[in-house]
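Source file: work-v2.cif. Holds: mmCIF, C-alpha atoms.
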```cif
data_model
#
loop_
_atom_site.label_atom_id
_atom_site.label_comp_id
_atom_site.auth_asym_id
_atom_site.auth_seq_id
_atom_site.Cartn_x
_atom_site.Cartn_y
_atom_site.Cartn_z
CA MET A 1 0.00 0.00 0.00
CA ASP A 2 2.90 2.37 0.73
CA ILE A 3 4.29 1.66 -2.73
CA LEU A 4 0.88 2.29 -4.28
CA THR A 5 0.48 5.63 -2.50
CA GLN A 6 3.98 6.73 -3.45
CA GLN A 7 3.52 5.81 -7.09
CA LEU A 8 0.17 7.59 -7.22
CA ILE A 9 1.86 10.76 -5.98
CA ASN A 10 4.67 10.39 -8.50
CA GLY A 11 2.16 9.66 -11.23
CA LEU A 12 0.10 12.76 -10.51
CA VAL A 13 3.25 14.89 -10.64
CA LEU A 14 4.31 13.42 -13.98
CA GLY A 15 0.74 13.57 -15.25
CA SER A 16 0.51 17.27 -14.42
CA ILE A 17 3.56 17.91 -16.60
CA TYR A 18 2.27 15.73 -19.43
CA ALA A 19 -1.06 17.54 -19.31
CA LEU A 20 0.56 20.96 -19.72
CA VAL A 21 2.47 19.82 -22.79
CA ALA A 22 -0.54 17.93 -24.17
CA LEU A 23 -2.60 21.12 -24.08
CA GLY A 24 -0.34 22.63 -26.73
CA TYR A 25 -0.90 19.64 -29.02
CA THR A 26 -4.65 19.56 -28.52
CA MET A 27 -5.23 23.31 -28.97
CA VAL A 28 -3.32 23.41 -32.25
CA TYR A 29 -5.06 20.27 -33.51
CA GLY A 30 -8.45 21.62 -32.48
CA ILE A 31 -7.98 24.68 -34.68
CA LEU A 32 -5.79 23.47 -37.56
CA GLU A 33 -6.07 19.67 -37.36
CA LEU A 34 -2.28 19.72 -37.34
CA ILE A 35 0.00 17.64 -35.11
CA ASN A 36 2.75 20.06 -34.13
CA PHE A 37 5.57 17.58 -33.57
CA ALA A 38 7.95 20.47 -32.83
CA HIS A 39 6.06 21.16 -29.59
CA GLY A 40 8.24 18.79 -27.58
CA GLU A 41 11.34 20.66 -28.69
CA VAL A 42 9.77 23.94 -27.55
CA THR A 43 9.45 22.32 -24.11
CA MET A 44 13.11 21.35 -24.26
CA PHE A 45 14.12 24.91 -25.17
CA GLY A 46 12.17 26.19 -22.19
CA ALA A 47 14.21 23.99 -19.86
CA MET A 48 17.52 24.86 -21.50
CA ILE A 49 16.85 28.60 -21.57
CA CYS A 50 15.83 28.57 -17.91
CA LEU A 51 18.98 26.70 -16.89
CA ALA A 52 21.14 29.03 -18.98
CA VAL A 53 19.68 32.10 -17.24
CA ILE A 54 19.96 30.46 -13.82
CA GLY A 55 23.58 29.52 -14.49
CA ALA A 56 24.42 33.05 -15.62
CA LEU A 57 22.79 34.72 -12.63
CA ALA A 58 23.98 32.23 -10.02
CA GLY A 59 27.53 32.20 -11.34
CA ASN A 60 28.04 35.97 -11.44
CA GLY A 61 27.48 36.51 -7.72
CA THR A 62 24.48 38.77 -8.13
CA GLY A 63 23.38 38.07 -4.56
CA LEU A 64 19.82 37.36 -5.61
CA ASP A 65 17.73 34.89 -3.67
CA GLY A 66 17.48 31.40 -5.15
CA GLY A 67 13.74 31.70 -5.66
CA VAL A 68 14.16 34.99 -7.51
CA ILE A 69 16.80 33.47 -9.79
CA VAL A 70 14.55 30.53 -10.65
CA LEU A 71 11.63 32.89 -11.27
CA LEU A 72 13.72 35.02 -13.63
CA GLY A 73 14.83 31.89 -15.45
CA LEU A 74 11.21 30.77 -15.78
CA LEU A 75 10.10 34.14 -17.12
CA ALA A 76 12.95 34.15 -19.64
CA ALA A 77 11.99 30.63 -20.76
CA ILE A 78 8.35 31.63 -21.20
CA ALA A 79 9.28 34.73 -23.22
CA VAL A 80 11.66 32.86 -25.53
CA CYS A 81 9.26 29.94 -26.05
CA MET A 82 6.36 32.28 -26.81
CA ALA A 83 8.50 33.96 -29.46
CA MET A 84 9.46 30.54 -30.80
CA GLY A 85 5.83 29.45 -30.98
CA PHE A 86 4.92 32.60 -32.91
CA LEU A 87 7.82 32.23 -35.35
CA ILE A 88 7.20 28.53 -35.93
CA GLU A 89 3.58 29.20 -36.84
CA ARG A 90 4.38 32.25 -38.93
CA ILE A 91 7.32 30.83 -40.88
CA ALA A 92 6.74 27.07 -41.03
CA TYR A 93 2.98 26.50 -40.90
CA ARG A 94 1.16 29.59 -42.16
CA PRO A 95 2.46 29.30 -45.75
CA LEU A 96 1.10 25.73 -45.78
CA ARG A 97 -2.33 26.64 -44.44
CA ARG A 98 -4.08 25.55 -47.66
CA ALA A 99 -1.60 22.83 -48.57
CA PRO A 100 -2.33 19.09 -48.13
CA ARG A 101 -2.07 17.91 -44.53
CA LEU A 102 0.91 15.71 -45.30
CA ALA A 103 3.00 18.75 -46.22
CA ALA A 104 2.37 20.40 -42.85
CA LEU A 105 3.06 17.13 -41.04
CA ILE A 106 6.42 16.68 -42.76
CA THR A 107 7.24 20.31 -42.01
CA ALA A 108 6.46 19.75 -38.33
CA ILE A 109 8.87 16.82 -38.21
CA GLY A 110 11.50 18.92 -39.98
CA VAL A 111 11.10 21.79 -37.52
CA SER A 112 11.50 19.32 -34.67
CA ILE A 113 14.78 18.02 -36.09
CA VAL A 114 16.05 21.55 -36.73
CA LEU A 115 15.32 22.62 -33.15
CA GLN A 116 17.02 19.52 -31.74
CA ASN A 117 20.18 20.19 -33.69
CA LEU A 118 20.08 23.90 -32.88
CA ALA A 119 19.94 23.08 -29.18
CA MET A 120 22.83 20.64 -29.60
CA LEU A 121 24.92 23.34 -31.28
CA ILE A 122 24.17 25.86 -28.52
CA TRP A 123 24.44 23.67 -25.40
CA GLY A 124 26.24 20.58 -26.65
CA LYS A 125 25.37 16.94 -26.06
CA GLN A 126 26.11 16.90 -22.35
CA TYR A 127 23.44 16.99 -19.66
CA VAL A 128 22.85 20.35 -17.99
CA THR A 129 22.17 20.07 -14.26
CA PHE A 130 19.64 22.12 -12.32
CA PRO A 131 21.48 23.87 -9.46
CA PRO A 132 20.14 23.28 -5.92
CA LEU A 133 18.93 26.83 -5.35
CA LEU A 134 15.77 25.95 -3.45
CA PRO A 135 15.56 23.87 -0.25
CA LEU A 136 13.85 20.51 -0.68
CA VAL A 137 11.38 19.75 2.12
CA ARG A 138 9.87 16.28 2.50
CA TYR A 139 6.48 15.51 4.04
CA GLU A 140 5.02 12.15 4.97
CA LEU A 141 1.58 11.35 3.58
CA GLY A 142 0.00 7.96 4.24
CA GLY A 143 3.34 6.22 4.49
CA ALA A 144 4.61 7.89 1.32
CA ILE A 145 6.91 10.88 0.84
CA ILE A 146 5.90 14.05 -1.00
CA THR A 147 8.20 17.03 -1.45
CA ASN A 148 7.48 20.73 -1.63
CA LEU A 149 8.63 20.65 -5.27
CA GLN A 150 6.05 18.00 -6.15
CA ILE A 151 3.33 19.98 -4.39
CA PHE A 152 4.38 23.13 -6.25
CA ILE A 153 4.33 21.33 -9.62
CA MET A 154 0.83 19.94 -9.07
CA VAL A 155 -0.61 23.18 -7.71
CA LEU A 156 0.90 25.34 -10.45
CA SER A 157 -0.25 22.89 -13.14
CA CYS A 158 -3.79 22.91 -11.76
CA LEU A 159 -3.84 26.71 -11.68
CA LEU A 160 -2.57 26.98 -15.26
CA MET A 161 -5.06 24.41 -16.53
CA ALA A 162 -7.93 26.12 -14.69
CA GLY A 163 -6.82 29.47 -16.07
CA LEU A 164 -6.77 28.07 -19.60
CA LEU A 165 -10.29 26.69 -19.19
CA VAL A 166 -11.53 30.07 -18.00
CA LEU A 167 -9.78 31.75 -20.93
CA VAL A 168 -11.32 29.43 -23.50
CA LYS A 169 -14.81 29.25 -22.01
CA HIS A 170 -15.44 32.72 -20.61
CA THR A 171 -13.43 35.33 -22.55
CA ARG A 172 -13.78 37.02 -25.90
CA LEU A 173 -10.49 35.52 -27.03
CA GLY A 174 -11.71 32.08 -26.03
CA ARG A 175 -14.93 32.50 -28.02
CA ALA A 176 -12.87 33.52 -31.05
CA MET A 177 -10.66 30.45 -30.59
CA ARG A 178 -13.70 28.16 -30.39
CA ALA A 179 -15.28 29.79 -33.42
CA THR A 180 -12.07 29.42 -35.41
CA ALA A 181 -11.82 25.77 -34.41
CA GLN A 182 -15.40 25.07 -35.44
CA ALA A 183 -15.36 26.80 -38.83
CA GLN A 184 -12.32 28.87 -39.73
CA ASP A 185 -13.71 30.38 -42.94
CA ILE A 186 -17.03 31.35 -41.38
CA ALA A 187 -15.24 32.85 -38.38
CA GLY A 188 -13.23 35.00 -40.78
CA LEU A 189 -16.45 36.20 -42.44
CA MET A 190 -17.77 37.17 -39.01
CA GLY A 191 -14.86 39.56 -38.48
CA ILE A 192 -12.46 37.31 -36.55
CA ASN A 193 -8.83 37.60 -37.57
CA THR A 194 -8.20 33.88 -37.77
CA HIS A 195 -4.48 34.34 -38.47
CA THR A 196 -4.08 36.21 -35.20
CA ILE A 197 -6.14 33.64 -33.29
CA ILE A 198 -4.01 30.80 -34.63
CA SER A 199 -0.81 32.64 -33.71
CA VAL A 200 -2.15 33.30 -30.20
CA THR A 201 -2.97 29.60 -29.85
CA PHE A 202 0.62 28.66 -30.69
CA VAL A 203 1.92 31.30 -28.28
CA ILE A 204 -0.25 30.08 -25.39
CA GLY A 205 0.73 26.48 -26.03
CA ALA A 206 4.41 27.44 -26.14
CA ALA A 207 4.13 29.29 -22.82
CA LEU A 208 2.63 26.22 -21.16
CA ALA A 209 5.36 24.09 -22.73
CA ALA A 210 8.03 26.38 -21.28
CA VAL A 211 6.60 26.00 -17.79
CA ALA A 212 6.44 22.22 -18.26
CA GLY A 213 10.06 22.14 -19.43
CA VAL A 214 11.23 24.01 -16.35
CA MET A 215 9.18 21.64 -14.17
CA VAL A 216 10.79 18.59 -15.76
CA SER A 217 14.32 19.95 -15.37
CA ALA A 218 13.67 20.91 -11.75
CA TYR A 219 12.00 17.57 -10.96
CA TYR A 220 14.75 15.39 -12.45
CA GLY A 221 17.56 17.85 -11.79
CA LEU A 222 18.84 18.00 -15.37
CA ALA A 223 18.01 18.81 -18.97
CA HIS A 224 19.25 17.60 -22.34
CA TYR A 225 18.90 18.65 -25.97
CA TYR A 226 17.04 15.40 -26.77
CA MET A 227 14.66 15.46 -23.81
CA GLY A 228 11.82 16.99 -25.83
CA PHE A 229 11.39 13.98 -28.11
CA MET A 230 10.12 11.43 -25.59
CA LEU A 231 8.35 14.08 -23.51
CA GLY A 232 6.54 15.34 -26.59
CA LEU A 233 5.66 11.82 -27.67
CA LYS A 234 4.15 11.03 -24.28
CA ALA A 235 2.26 14.32 -24.19
CA PHE A 236 0.89 13.62 -27.67
CA THR A 237 -0.12 10.17 -26.43
CA ALA A 238 -1.89 11.83 -23.50
CA ALA A 239 -3.76 14.14 -25.87
CA VAL A 240 -4.87 11.19 -28.00
CA LEU A 241 -5.81 9.21 -24.90
CA GLY A 242 -8.07 11.97 -23.64
CA GLY A 243 -9.42 12.91 -27.06
CA ILE A 244 -7.26 14.98 -29.41
CA GLY A 245 -8.68 18.48 -29.84
CA ASN A 246 -10.40 18.43 -26.45
CA ILE A 247 -8.82 20.57 -23.71
CA ALA A 248 -10.38 18.68 -20.81
CA GLY A 249 -9.40 15.44 -22.52
CA ALA A 250 -5.77 16.51 -22.70
CA MET A 251 -5.77 17.23 -18.96
CA LEU A 252 -7.41 13.90 -18.15
CA GLY A 253 -5.16 12.00 -20.54
CA GLY A 254 -2.02 13.55 -19.08
CA LEU A 255 -2.95 12.66 -15.52
CA LEU A 256 -3.96 9.13 -16.46
CA LEU A 257 -0.78 8.55 -18.45
CA GLY A 258 1.39 9.72 -15.56
CA VAL A 259 -0.41 7.46 -13.08
CA ILE A 260 -0.25 4.48 -15.44
CA GLU A 261 3.49 4.96 -15.94
CA SER A 262 4.21 5.24 -12.24
CA LEU A 263 2.06 2.28 -11.29
CA GLY A 264 3.67 0.19 -13.99
CA ALA A 265 7.18 1.20 -12.93
CA GLY A 266 6.72 0.90 -9.17
CA TYR A 267 3.74 -1.09 -8.02
CA ILE A 268 3.70 -3.73 -10.72
CA GLY A 269 7.50 -3.86 -10.66
CA ALA A 270 7.40 -4.62 -6.94
CA LEU A 271 4.81 -7.36 -7.40
CA THR A 272 6.98 -9.04 -10.04
CA GLY A 273 10.17 -8.81 -7.99
CA GLY A 274 11.63 -6.12 -10.23
CA PHE A 275 11.19 -8.14 -13.42
CA LEU A 276 8.80 -5.50 -14.77
CA GLY A 277 10.01 -2.16 -13.50
CA SER A 278 11.01 1.32 -14.57
CA HIS A 279 12.52 0.14 -17.85
CA TYR A 280 9.06 -1.00 -18.96
CA GLN A 281 7.03 2.01 -17.88
CA ASP A 282 6.62 3.23 -21.46
CA VAL A 283 5.32 -0.21 -22.43
CA PHE A 284 2.55 -0.03 -19.82
CA ALA A 285 1.53 3.47 -20.90
CA PHE A 286 1.33 2.71 -24.61
CA PHE A 287 -0.33 -0.66 -24.01
CA VAL A 288 -3.14 1.04 -22.10
CA LEU A 289 -3.38 3.62 -24.88
CA ILE A 290 -3.88 0.84 -27.43
CA LEU A 291 -6.61 -0.73 -25.32
CA VAL A 292 -8.42 2.60 -24.89
CA LEU A 293 -8.26 3.42 -28.60
CA ILE A 294 -9.57 -0.04 -29.50
CA ALA A 295 -12.57 0.52 -27.24
CA ARG A 296 -12.94 4.28 -27.92
CA PRO A 297 -11.07 5.38 -31.08
CA SER A 298 -11.89 9.04 -30.44
CA GLY A 299 -10.35 8.97 -26.94
CA LEU A 300 -11.95 9.17 -23.53
CA LEU A 301 -13.61 12.55 -24.11
CA GLY A 302 -13.42 12.63 -27.89
CA GLU A 303 -17.17 12.69 -28.36
CA ARG A 304 -17.26 16.24 -26.97
CA VAL A 305 -15.20 17.64 -29.84
CA VAL A 306 -17.42 19.54 -32.28
CA GLU A 307 -16.97 18.44 -35.86
CA ARG A 308 -16.21 21.10 -38.44
CA ALA A 309 -18.86 22.22 -40.86
#
```

Could you take the file, read its structure, and then write that structure out as structure tokens?
Amino acid sequence: MDILTQQLINGLVLGSIYALVALGYTMVYGILELINFAHGEVTMFGAMICLAVIGALAGNGTGLDGGVIVLLGLLAAIAVCMAMGFLIERIAYRPLRRAPRLAALITAIGVSIVLQNLAMLIWGKQYVTFPPLLPLVRYELGGAIITNLQIFIMVLSCLLMAGLLVLVKHTRLGRAMRATAQAQDIAGLMGINTHTIISVTFVIGAALAAVAGVMVSAYYGLAHYYMGFMLGLKAFTAAVLGGIGNIAGAMLGGLLLGVIESLGAGYIGALTGGFLGSHYQDVFAFFVLILVLIARPSGLLGERVVERA
């Protein structure tokens, strides 16, 4: 039972991160029906930019508090990733707006490869460690251990996801996003600047990806130029699991995927004497995804996605 509780906590932390990244995939798909495979690399850049700023500030003896340094690194990561999201949409995807879907998909893969290699040229192939600027406090909960960092990740993720729901459901911008997703041409005839709405969608998704990248680097204590590939793949899996194009589905899919991974790595691994452990956690996650898609091809909440006219 202690192992189960611990893995549930770990799974919710991982799931919160997956959900933030999955939101970027699902928002873009909901409007453009495009899988932005470069989104994982935007997450990676967020982590690397944050660590670069933290390293510069901490190494120059500025005398700033550790929390302030991390906050400045996070803000820098968000700003850079938002600019990246805007430029990726404007340069790589907008010219292909009326092109066949395969062209945009190949372009997305190409952008992903370009960003990976760009990060490798800037930071090299070595792992970049997250400096211990903040004290780590451990609390006992039902025989399991939860840290202040894990609590912060879950709380911040919940706040960001709730804020995004409020933005989409109860603001003028959100109504324009939903109208563009439902019928882009008709929304344009009604006076909505669909190009701007699409750019804003990429920017919002990139900002969430930046926060997720910083969370991952802080949680594991390191970052790497290739970290965005598997993270992006799992977040895309979470979006498909919940129902691609559905915001609530992306949140649910991310949390479920994180819990499934952790239970597969810890609880099931313990029951099998370590035979099935952390090395097989991806197998458990994707196996459950296959089962869900066989039973519900549109995902868990896919039926709520409005079809285009």

For range 195-204 of chain A, find every residue with an atom within 6 Å (counting all atoms listed in the file), except residues of its own chain fewer than 5 positions away, and show them as a ChimeraX atom specification. /A:82,85-86

Residue selection dump (C-alpha atoms) as a short mmCIF file (atom, residue, chain, number, x, y, z; two decimals), in the frame of the given file:
```cif
data_model
loop_
_atom_site.label_atom_id
_atom_site.label_comp_id
_atom_site.auth_asym_id
_atom_site.auth_seq_id
_atom_site.Cartn_x
_atom_site.Cartn_y
_atom_site.Cartn_z
CA MET A 82 6.36 32.28 -26.81
CA GLY A 85 5.83 29.45 -30.98
CA PHE A 86 4.92 32.60 -32.91
#
```

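Among the candidates A:Leu293, A:Ile192, A:Leu34, A:Cys50, the one nearest to Gly213 in chain A when counting only C-alpha atoms is A:Cys50.
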
Counting all atoms listed in the file, the option among A:Gly254, A:Ile35, A:Ile91, A:Ala47 closest to Leu74 in chain A:
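Checking each of A:Gly254, A:Ile35, A:Ile91, A:Ala47 against Leu74 in chain A, counting all atoms listed in the file, the winner is A:Ala47.
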
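Of the residues under consideration (A:Thr5, A:Gly245, A:Asn10, A:Glu140), A:Asn10 shows the shortest atom-to-atom contact distance to Val259 in chain A when counting only C-alpha atoms.
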
Distance in Å - CA of Val240 in chain A versus CA of Gly264 in chain A =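 Result for CA of Val240 in chain A versus CA of Gly264 in chain A: 19.8 Å, one decimal.
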
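Near range 169-183 of chain A, within 10 Å and counting all atoms listed in the file, sit Met27, Val28, Tyr29, Gly30, Ile31, Leu32, Glu33, Gly163, Leu164, Leu165, Ala187, Gly188, Met190, Gly191, Ile192, Asn193, Thr194, His195, Thr196, Ile197, Ile198, Val200, Thr201, Gly245, Val305, Val306, Glu307, Arg308 and Ala309 of chain A, not including residues fewer than 4 positions from it in the same chain.
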
Atoms to include: C-alpha atoms. Write the selected residues as a PDB file, in the coordinates of the input.
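Wrote part-v9.pdb, looks like this:
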```
ATOM      1  CA  MET A  27      -5.230  23.310 -28.970  1.00  0.00           C
ATOM      2  CA  VAL A  28      -3.320  23.410 -32.250  1.00  0.00           C
ATOM      3  CA  TYR A  29      -5.060  20.270 -33.510  1.00  0.00           C
ATOM      4  CA  GLY A  30      -8.450  21.620 -32.480  1.00  0.00           C
ATOM      5  CA  ILE A  31      -7.980  24.680 -34.680  1.00  0.00           C
ATOM      6  CA  LEU A  32      -5.790  23.470 -37.560  1.00  0.00           C
ATOM      7  CA  GLU A  33      -6.070  19.670 -37.360  1.00  0.00           C
ATOM      8  CA  GLY A 163      -6.820  29.470 -16.070  1.00  0.00           C
ATOM      9  CA  LEU A 164      -6.770  28.070 -19.600  1.00  0.00           C
ATOM     10  CA  LEU A 165     -10.290  26.690 -19.190  1.00  0.00           C
ATOM     11  CA  ALA A 187     -15.240  32.850 -38.380  1.00  0.00           C
ATOM     12  CA  GLY A 188     -13.230  35.000 -40.780  1.00  0.00           C
ATOM     13  CA  MET A 190     -17.770  37.170 -39.010  1.00  0.00           C
ATOM     14  CA  GLY A 191     -14.860  39.560 -38.480  1.00  0.00           C
ATOM     15  CA  ILE A 192     -12.460  37.310 -36.550  1.00  0.00           C
ATOM     16  CA  ASN A 193      -8.830  37.600 -37.570  1.00  0.00           C
ATOM     17  CA  THR A 194      -8.200  33.880 -37.770  1.00  0.00           C
ATOM     18  CA  HIS A 195      -4.480  34.340 -38.470  1.00  0.00           C
ATOM     19  CA  THR A 196      -4.080  36.210 -35.200  1.00  0.00           C
ATOM     20  CA  ILE A 197      -6.140  33.640 -33.290  1.00  0.00           C
ATOM     21  CA  ILE A 198      -4.010  30.800 -34.630  1.00  0.00           C
ATOM     22  CA  VAL A 200      -2.150  33.300 -30.200  1.00  0.00           C
ATOM     23  CA  THR A 201      -2.970  29.600 -29.850  1.00  0.00           C
ATOM     24  CA  GLY A 245      -8.680  18.480 -29.840  1.00  0.00           C
ATOM     25  CA  VAL A 305     -15.200  17.640 -29.840  1.00  0.00           C
ATOM     26  CA  VAL A 306     -17.420  19.540 -32.280  1.00  0.00           C
ATOM     27  CA  GLU A 307     -16.970  18.440 -35.860  1.00  0.00           C
ATOM     28  CA  ARG A 308     -16.210  21.100 -38.440  1.00  0.00           C
ATOM     29  CA  ALA A 309     -18.860  22.220 -40.860  1.00  0.00           C
TER      30      ALA A 309
END
```

- Query: So which one's closest to Ile247 in chain A, A:Ala22, A:Leu64, A:Leu160, A:Val13? Using all atoms listed in the file, please.
  - Reply: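 Distance minimum relative to Ile247 in chain A lands on A:Ala22.
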
**Request:** Check which residues satisfy the PyMOL selection byres ((chain A and resi 261) around 9) in the file shown, then give them as a list in words.
**Result:** Gln7, Gly11, Leu14, Leu256, Leu257, Gly258, Val259, Ile260, Ser262, Leu263, Gly264, Ala265, Gly266, Ser278, Tyr280, Gln281, Asp282, Val283, Phe284 and Ala285 of chain A

Include C-alpha atoms and write out the residues we just selected as a PDB file, keeping the file's coordinate frame.
```pdb
ATOM      1  CA  GLN A   7       3.520   5.810  -7.090  1.00  0.00           C
ATOM      2  CA  GLY A  11       2.160   9.660 -11.230  1.00  0.00           C
ATOM      3  CA  LEU A  14       4.310  13.420 -13.980  1.00  0.00           C
ATOM      4  CA  LEU A 256      -3.960   9.130 -16.460  1.00  0.00           C
ATOM      5  CA  LEU A 257      -0.780   8.550 -18.450  1.00  0.00           C
ATOM      6  CA  GLY A 258       1.390   9.720 -15.560  1.00  0.00           C
ATOM      7  CA  VAL A 259      -0.410   7.460 -13.080  1.00  0.00           C
ATOM      8  CA  ILE A 260      -0.250   4.480 -15.440  1.00  0.00           C
ATOM      9  CA  SER A 262       4.210   5.240 -12.240  1.00  0.00           C
ATOM     10  CA  LEU A 263       2.060   2.280 -11.290  1.00  0.00           C
ATOM     11  CA  GLY A 264       3.670   0.190 -13.990  1.00  0.00           C
ATOM     12  CA  ALA A 265       7.180   1.200 -12.930  1.00  0.00           C
ATOM     13  CA  GLY A 266       6.720   0.900  -9.170  1.00  0.00           C
ATOM     14  CA  SER A 278      11.010   1.320 -14.570  1.00  0.00           C
ATOM     15  CA  TYR A 280       9.060  -1.000 -18.960  1.00  0.00           C
ATOM     16  CA  GLN A 281       7.030   2.010 -17.880  1.00  0.00           C
ATOM     17  CA  ASP A 282       6.620   3.230 -21.460  1.00  0.00           C
ATOM     18  CA  VAL A 283       5.320  -0.210 -22.430  1.00  0.00           C
ATOM     19  CA  PHE A 284       2.550  -0.030 -19.820  1.00  0.00           C
ATOM     20  CA  ALA A 285       1.530   3.470 -20.900  1.00  0.00           C
TER      21      ALA A 285
END
```

Between A:Ile151, A:Val68, A:Leu115, A:Ala218, which has the minimum distance to Ile9 in chain A (counting all atoms listed in the file)?
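Of the candidates, the smallest distance to Ile9 in chain A is held by A:Ile151.
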
Just checking: using all atoms listed in the file, which residue out of A:Cys158, A:Ile3, A:Ala210, A:Leu96 ends up closest to Leu75 in chain A?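 Of the candidates, the smallest distance to Leu75 in chain A is held by A:Ala210.
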
Rounded to one decimal, what separation in Å do you get between CA of Thr129 in chain A and CA of Val21 in chain A?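 According to the coordinates, CA of Thr129 in chain A and CA of Val21 in chain A are separated by 21.5 Å.
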
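If you look at CA of Leu121 in chain A and CA of Tyr225 in chain A, they are 9.3 Å away from each other.
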
### Message
So that I can check the surroundings of Arg138 in chain A, please list as a PyMOL selection string every protein, DNA and RNA residue that reaches within 8 Å of it, counting all atoms listed in the file and ignoring chain neighbours fewer than 3 positions away.
### Response
chain A and resi 145-148

Practice problem: Write out as a list in words each polymer residue whose atoms come within 8 Å of Leu252 in chain A, counting only C-alpha atoms; drop sequence neighbours fewer than 2 positions from it. | Solution: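 In the requested form, the answer reads Ala19, Ala238, Gly242, Ala248, Gly249, Ala250, Gly254, Leu255 and Leu256 of chain A.
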
Specify as JSON, numbers by chain each residue included when the PyMOL selection byres ((chain A and resi 241) around 7) is applied to this file. {"A": [237, 238, 239, 240, 242, 243, 253, 289, 299, 300]}

Practice item. Please evaluate the PyMOL selection byres ((chain A and resi 55) around 12) against the structure above and give the resulting residues as a PyMOL selection string. Key: chain A and resi 48-54+56-62+66+69-70+72-73+128-133

Polymer residues at most 12 Å from (2.2, 22.8, -10.5) by only C-alpha atoms, as a VMD selection string: chain A and resid 12 to 20 148 to 162 208 211 to 216 218 to 219

Review point. Need the neighbours of (14.6, 21.5, -28.2): which residues are at most 7 Å away, counting all atoms listed in the file, as a count of residues only?
Key: 12
